[in-house]
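Have a look at target.txt; it's compact mmCIF, C-alpha atoms and all ligand atoms:
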```
# COMPACT_ATOMS: atom_id res chain seq x y z
CA MET A 16 139.75 -20.31 -179.77
CA THR A 17 143.09 -21.96 -179.29
CA ILE A 18 145.65 -20.92 -176.75
CA ARG A 19 148.95 -22.48 -177.81
CA PRO A 20 151.92 -23.15 -175.54
CA ILE A 21 154.56 -20.41 -175.76
CA ILE A 22 157.86 -22.17 -176.33
CA SER A 23 160.82 -21.06 -174.26
CA TYR A 24 164.59 -20.84 -174.28
CA PRO A 25 166.73 -22.92 -173.86
CA GLN A 26 164.48 -25.98 -174.41
CA PHE A 27 163.32 -24.81 -177.84
CA GLU A 28 166.44 -22.89 -178.82
CA HIS A 29 166.59 -24.77 -182.15
CA ILE A 30 163.25 -23.24 -183.19
CA LEU A 31 163.63 -19.83 -181.54
CA LYS A 32 167.04 -19.26 -183.18
CA ASP A 33 165.87 -20.31 -186.64
CA MET A 34 164.89 -17.87 -189.41
CA ALA A 35 161.16 -17.58 -190.18
CA ILE A 36 160.07 -17.67 -193.82
CA ALA A 37 157.93 -15.13 -195.70
CA VAL A 38 154.18 -15.76 -195.61
CA GLN A 39 152.29 -16.42 -198.83
CA MET A 40 148.96 -14.61 -198.53
CA VAL A 41 147.25 -17.67 -200.04
CA ASP A 42 148.67 -19.91 -197.29
CA PRO A 43 145.63 -21.94 -196.18
CA ASP A 44 147.00 -22.08 -192.62
CA LEU A 45 147.26 -18.28 -192.32
CA PRO A 46 143.82 -17.53 -190.73
CA GLN A 47 144.35 -20.18 -188.07
CA ILE A 48 147.88 -19.00 -187.25
CA VAL A 49 146.65 -15.41 -186.88
CA GLN A 50 143.77 -16.49 -184.62
CA ASP A 51 146.02 -18.68 -182.46
CA LEU A 52 148.54 -15.84 -182.06
CA LYS A 53 145.74 -13.46 -180.98
CA ASP A 54 144.22 -15.94 -178.53
CA THR A 55 147.59 -16.87 -177.07
CA LEU A 56 148.75 -13.24 -176.64
CA LEU A 57 145.48 -12.22 -174.96
CA ALA A 58 145.82 -15.16 -172.55
CA THR A 59 149.18 -13.91 -171.24
CA ALA A 60 149.31 -11.80 -168.10
CA ASN A 61 151.08 -8.81 -169.64
CA GLY A 62 152.50 -9.75 -173.03
CA VAL A 63 152.80 -6.81 -175.42
CA GLY A 64 153.66 -8.86 -178.50
CA LEU A 65 153.97 -12.41 -179.75
CA ALA A 66 155.70 -13.76 -182.85
CA ALA A 67 154.76 -16.96 -184.68
CA PRO A 68 158.09 -18.72 -183.89
CA GLN A 69 157.16 -18.40 -180.19
CA ILE A 70 154.29 -20.83 -180.81
CA GLY A 71 156.55 -23.03 -182.92
CA ILE A 72 155.62 -21.68 -186.38
CA LEU A 73 158.54 -20.40 -188.47
CA LYS A 74 156.56 -17.87 -190.52
CA ARG A 75 156.93 -14.09 -190.61
CA ILE A 76 153.91 -13.00 -188.55
CA PHE A 77 153.61 -11.24 -185.22
CA VAL A 78 150.85 -9.60 -183.20
CA LEU A 79 150.75 -6.68 -180.75
CA ARG A 80 148.22 -5.92 -178.05
CA LYS A 81 146.70 -2.59 -179.00
CA ASP A 82 145.70 -1.26 -175.57
CA TYR A 83 149.33 -1.48 -174.34
CA ILE A 84 150.80 0.49 -177.22
CA LYS A 85 148.06 2.80 -178.49
CA ASP A 86 149.73 5.91 -177.05
CA ASP A 87 152.83 5.14 -179.15
CA LEU A 88 151.05 5.32 -182.50
CA ALA A 89 150.50 8.46 -184.57
CA GLU A 90 147.20 10.22 -183.82
CA ASP A 91 145.99 9.69 -187.39
CA SER A 92 147.00 6.01 -187.39
CA GLU A 93 144.71 3.71 -189.29
CA LEU A 94 145.61 0.93 -186.87
CA LEU A 95 144.14 2.99 -184.01
CA GLN A 96 140.81 3.23 -185.82
CA ALA A 97 140.66 -0.51 -186.51
CA GLN A 98 138.19 -2.32 -184.27
CA ALA A 99 140.72 -4.85 -183.06
CA GLU A 100 142.23 -5.72 -179.70
CA VAL A 101 145.26 -7.22 -181.39
CA LEU A 102 147.21 -5.78 -184.34
CA VAL A 103 148.50 -8.21 -186.97
CA PHE A 104 151.78 -7.80 -188.92
CA ILE A 105 152.56 -10.14 -191.80
CA ASN A 106 155.95 -10.03 -193.60
CA PRO A 107 156.92 -6.87 -191.65
CA LYS A 108 159.90 -4.73 -192.59
CA ILE A 109 161.39 -1.70 -190.84
CA VAL A 110 161.78 0.94 -193.54
CA THR A 111 163.17 3.84 -191.46
CA ARG A 112 164.84 4.17 -188.04
CA LYS A 113 165.54 7.32 -186.04
CA GLY A 114 167.33 7.89 -182.74
CA ILE A 115 168.59 5.42 -180.16
CA VAL A 116 167.21 4.29 -176.80
CA HIS A 117 168.51 1.85 -174.18
CA GLU A 118 165.74 0.18 -172.19
CA GLU A 119 165.18 -3.07 -170.36
CA GLU A 120 163.08 -5.66 -172.17
CA GLY A 121 161.57 -8.96 -171.16
CA CYS A 122 160.34 -11.75 -173.43
CA LEU A 123 157.58 -14.33 -173.04
CA SER A 124 160.00 -17.01 -174.27
CA ILE A 125 162.62 -16.19 -171.59
CA PRO A 126 160.57 -15.73 -168.42
CA GLY A 127 162.30 -13.98 -165.52
CA THR A 128 165.07 -12.41 -167.60
CA CYS A 129 165.41 -8.77 -168.60
CA VAL A 130 168.09 -7.36 -170.88
CA LYS A 131 169.05 -3.75 -171.50
CA ILE A 132 168.92 -3.38 -175.27
CA GLU A 133 169.83 -0.64 -177.72
CA ARG A 134 166.97 0.01 -180.14
CA ALA A 135 165.92 2.64 -182.62
CA LYS A 136 163.69 5.21 -180.88
CA VAL A 137 161.25 5.77 -183.74
CA ILE A 138 160.61 3.36 -186.60
CA LYS A 139 158.43 3.19 -189.66
CA VAL A 140 157.22 -0.27 -190.60
CA ARG A 141 155.71 -1.75 -193.74
CA ALA A 142 153.61 -4.90 -193.32
CA ARG A 143 150.43 -6.62 -194.42
CA ASP A 144 147.40 -7.02 -192.17
CA ALA A 145 145.35 -10.20 -191.71
CA HIS A 146 143.39 -9.37 -194.90
CA GLY A 147 146.56 -9.01 -196.94
CA GLU A 148 146.34 -5.20 -197.18
CA GLN A 149 149.70 -3.45 -197.08
CA PHE A 150 150.10 -0.64 -194.56
CA TYR A 151 152.79 1.72 -193.28
CA GLU A 152 152.88 2.73 -189.65
CA LYS A 153 155.14 4.83 -187.43
CA PHE A 154 155.93 3.69 -183.86
CA LYS A 155 157.70 5.16 -180.86
CA GLY A 156 158.15 4.24 -177.20
CA LEU A 157 157.13 0.76 -176.07
CA ALA A 158 155.49 0.02 -179.42
CA ALA A 159 158.72 0.70 -181.32
CA ARG A 160 160.72 -1.56 -179.00
CA ALA A 161 158.08 -4.30 -179.12
CA VAL A 162 158.03 -4.27 -182.94
CA GLN A 163 161.83 -4.50 -183.02
CA GLN A 164 161.81 -7.44 -180.58
CA GLU A 165 159.13 -9.26 -182.59
CA ILE A 166 161.01 -8.75 -185.88
CA ASP A 167 164.13 -10.04 -184.11
CA HIS A 168 162.13 -13.20 -183.31
CA LEU A 169 161.38 -13.64 -187.02
CA ASN A 170 165.13 -13.51 -187.65
CA GLY A 171 166.00 -16.00 -184.90
CA ILE A 172 167.37 -13.32 -182.54
CA LEU A 173 166.52 -13.34 -178.82
CA ILE A 174 166.90 -10.58 -176.21
CA ILE A 175 169.89 -12.42 -174.70
CA ASP A 176 171.68 -12.21 -178.07
CA HIS A 177 171.97 -8.44 -177.62
CA HIS A 178 174.64 -8.80 -174.90
CA GLY A 179 173.22 -5.97 -172.81
CA GLY A 180 173.06 -6.05 -169.02
CA VAL A 181 171.10 -9.18 -168.11
CA LYS A 182 169.18 -9.32 -164.82
CA GLU A 183 166.32 -11.14 -163.19
CA CYS A 184 162.94 -9.47 -163.47
ZN ZN B 1 160.07 -11.94 -177.21
```
Once more with this new file: its structure as structure tokens, please.
Ligand SMILES: [Zn+2]
Amino acid sequence: MTIRPIISYPQFEHILKDMAIAVQMVDPDLPQIVQDLKDTLLATANGVGLAAPQIGILKRIFVLRKDYIKDDLAEDSELLQAQAEVLVFINPKIVTRKGIVHEEEGCLSIPGTCVKIERAKVIKVRARDAHGEQFYEKFKGLAARAVQQEIDHLNGILIIDHHGGVKEC
């Protein structure tokens, strides 16, 4: 079990604003990265999601805490049936987007700052799980916004780059 430091803006802007690269499923570091992301997310007070760049690793992986977002998954979701506290997304891609919402979001890498951000309301995502199996999943609500923020992280985009209303939170 390894809880890694979560890097923050602006000190680590050069990493957080960089583009993460696609993961090779044979990457020998992959199991350790996944485990460290899980341990680090579960050690936060209320983090919904965490992307690999936030622990200094520029690879396309993020994790979500299942108990915070389970109501925002489809009832027949395979992810809901999985016996896991933390959901793993490797090389994720949003394949469809529907609707628009404007909600305030915070980020573990920018503590104390919230930004009102325009996001798609419902998204469908394609990704691989920690075993390399490809899956498709539909998200709404908090889960949809969290997935969009985590994929932003993989593309070097932070909540403050959305130029919404910024406030302390
Ligand atoms: Zn974030």
re atom CA of A:Ala161 and atom CA of A:Ala89: distance 15.8 Å
For this session: Just the residues within 9 Å of stretch 31-38 of chain A, please, counting all atoms listed in the file, with nothing from its chain fewer than 6 positions along; format it as number ranges by chain.
Result: A: 22-25, 45, 67-69, 71-76, 105-106, 124, 168-173
Deliver the residues from the most recent selection as a file, using C-alpha atoms, as a PDB file, keeping the file's coordinate frame.
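Produced file again.pdb, reproduced below:
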```pdb
ATOM      1  CA  ILE A  22     157.860 -22.170-176.330  1.00  0.00           C
ATOM      2  CA  SER A  23     160.820 -21.060-174.260  1.00  0.00           C
ATOM      3  CA  TYR A  24     164.590 -20.840-174.280  1.00  0.00           C
ATOM      4  CA  PRO A  25     166.730 -22.920-173.860  1.00  0.00           C
ATOM      5  CA  LEU A  45     147.260 -18.280-192.320  1.00  0.00           C
ATOM      6  CA  ALA A  67     154.760 -16.960-184.680  1.00  0.00           C
ATOM      7  CA  PRO A  68     158.090 -18.720-183.890  1.00  0.00           C
ATOM      8  CA  GLN A  69     157.160 -18.400-180.190  1.00  0.00           C
ATOM      9  CA  GLY A  71     156.550 -23.030-182.920  1.00  0.00           C
ATOM     10  CA  ILE A  72     155.620 -21.680-186.380  1.00  0.00           C
ATOM     11  CA  LEU A  73     158.540 -20.400-188.470  1.00  0.00           C
ATOM     12  CA  LYS A  74     156.560 -17.870-190.520  1.00  0.00           C
ATOM     13  CA  ARG A  75     156.930 -14.090-190.610  1.00  0.00           C
ATOM     14  CA  ILE A  76     153.910 -13.000-188.550  1.00  0.00           C
ATOM     15  CA  ILE A 105     152.560 -10.140-191.800  1.00  0.00           C
ATOM     16  CA  ASN A 106     155.950 -10.030-193.600  1.00  0.00           C
ATOM     17  CA  SER A 124     160.000 -17.010-174.270  1.00  0.00           C
ATOM     18  CA  HIS A 168     162.130 -13.200-183.310  1.00  0.00           C
ATOM     19  CA  LEU A 169     161.380 -13.640-187.020  1.00  0.00           C
ATOM     20  CA  ASN A 170     165.130 -13.510-187.650  1.00  0.00           C
ATOM     21  CA  GLY A 171     166.000 -16.000-184.900  1.00  0.00           C
ATOM     22  CA  ILE A 172     167.370 -13.320-182.540  1.00  0.00           C
ATOM     23  CA  LEU A 173     166.520 -13.340-178.820  1.00  0.00           C
TER      24      LEU A 173
END
```
Would you pick out the contacts of A:Thr59 at 12 Å or less, using only C-alpha atoms, so that residues sharing its chain but fewer than 3 positions from it are not included, and give the list as an mmCIF file with C-alpha atoms, in the coordinates of the input?
```
data_model
loop_
_atom_site.group_PDB
_atom_site.id
_atom_site.type_symbol
_atom_site.label_atom_id
_atom_site.label_comp_id
_atom_site.auth_asym_id
_atom_site.auth_seq_id
_atom_site.Cartn_x
_atom_site.Cartn_y
_atom_site.Cartn_z
ATOM 1 C CA ILE A 18 145.650 -20.920 -176.750
ATOM 2 C CA ARG A 19 148.950 -22.480 -177.810
ATOM 3 C CA PRO A 20 151.920 -23.150 -175.540
ATOM 4 C CA ILE A 21 154.560 -20.410 -175.760
ATOM 5 C CA LEU A 52 148.540 -15.840 -182.060
ATOM 6 C CA LYS A 53 145.740 -13.460 -180.980
ATOM 7 C CA ASP A 54 144.220 -15.940 -178.530
ATOM 8 C CA THR A 55 147.590 -16.870 -177.070
ATOM 9 C CA LEU A 56 148.750 -13.240 -176.640
ATOM 10 C CA GLY A 62 152.500 -9.750 -173.030
ATOM 11 C CA VAL A 63 152.800 -6.810 -175.420
ATOM 12 C CA GLY A 64 153.660 -8.860 -178.500
ATOM 13 C CA LEU A 65 153.970 -12.410 -179.750
ATOM 14 C CA ARG A 80 148.220 -5.920 -178.050
ATOM 15 C CA CYS A 122 160.340 -11.750 -173.430
ATOM 16 C CA LEU A 123 157.580 -14.330 -173.040
ATOM 17 C CA SER A 124 160.000 -17.010 -174.270
ATOM 18 C CA PRO A 126 160.570 -15.730 -168.420
#
```
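Here the question is which of A:Arg143, A:Lys85, A:Lys155, A:His117 gets nearest to A:Val130 using all atoms listed in the file, and that residue is A:His117.
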Worksheet item: Of the candidates A:Ala97, A:Val181, A:Val78, A:Leu88, which shows the shortest atom-to-atom distance to ligand ZN 1 (chain B), using only C-alpha atoms and all ligand atoms?
Response: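 Residue with the minimum atom-to-atom distance to ligand ZN 1 (chain B): A:Val78.
Distances from A:Leu79, A:Ile125, A:Ala99, A:Leu157 to ligand ZN 1 (chain B) were compared using only C-alpha atoms and all ligand atoms, and the smallest one belongs to A:Ile125.
Take the candidates A:Ile84, A:Ile115, A:Ile70, A:Val101 and check each one against ligand ZN 1 (chain B) using only C-alpha atoms and all ligand atoms; the shortest distance goes to A:Ile70.
Proximity of A:Glu133, A:Glu120, A:Glu183, A:Glu148 to ligand ZN 1 (chain B), computed with all atoms listed in the file, is greatest for A:Glu120.
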With distances taken over only C-alpha atoms and all ligand atoms, the candidate from A:Lys113, A:Arg160, A:Lys153, A:Lys108 nearest ligand ZN 1 (chain B) is A:Arg160
Expressed in Å, the length from atom CA of A:Tyr83 to atom CA of A:Asp176 is 25.1 Å
What separates atom CA of A:Arg112 and atom CA of A:Phe150 is a distance of 16.8 Å
Show me the residues around (161.4, 3.4, -188.7) - criterion: an atom at most 10 Å away, all atoms listed in the file counted - as a PyMOL selection string. chain A and resi 108-114+135-141+151-155+159+163
I need the chosen residues saved as a short mmCIF file (atom, residue, chain, number, x, y, z; two decimals), in the frame of the given file, with C-alpha atoms.
```cif
data_model
loop_
_atom_site.label_atom_id
_atom_site.label_comp_id
_atom_site.auth_asym_id
_atom_site.auth_seq_id
_atom_site.Cartn_x
_atom_site.Cartn_y
_atom_site.Cartn_z
CA LYS A 108 159.90 -4.73 -192.59
CA ILE A 109 161.39 -1.70 -190.84
CA VAL A 110 161.78 0.94 -193.54
CA THR A 111 163.17 3.84 -191.46
CA ARG A 112 164.84 4.17 -188.04
CA LYS A 113 165.54 7.32 -186.04
CA GLY A 114 167.33 7.89 -182.74
CA ALA A 135 165.92 2.64 -182.62
CA LYS A 136 163.69 5.21 -180.88
CA VAL A 137 161.25 5.77 -183.74
CA ILE A 138 160.61 3.36 -186.60
CA LYS A 139 158.43 3.19 -189.66
CA VAL A 140 157.22 -0.27 -190.60
CA ARG A 141 155.71 -1.75 -193.74
CA TYR A 151 152.79 1.72 -193.28
CA GLU A 152 152.88 2.73 -189.65
CA LYS A 153 155.14 4.83 -187.43
CA PHE A 154 155.93 3.69 -183.86
CA LYS A 155 157.70 5.16 -180.86
CA ALA A 159 158.72 0.70 -181.32
CA GLN A 163 161.83 -4.50 -183.02
#
```
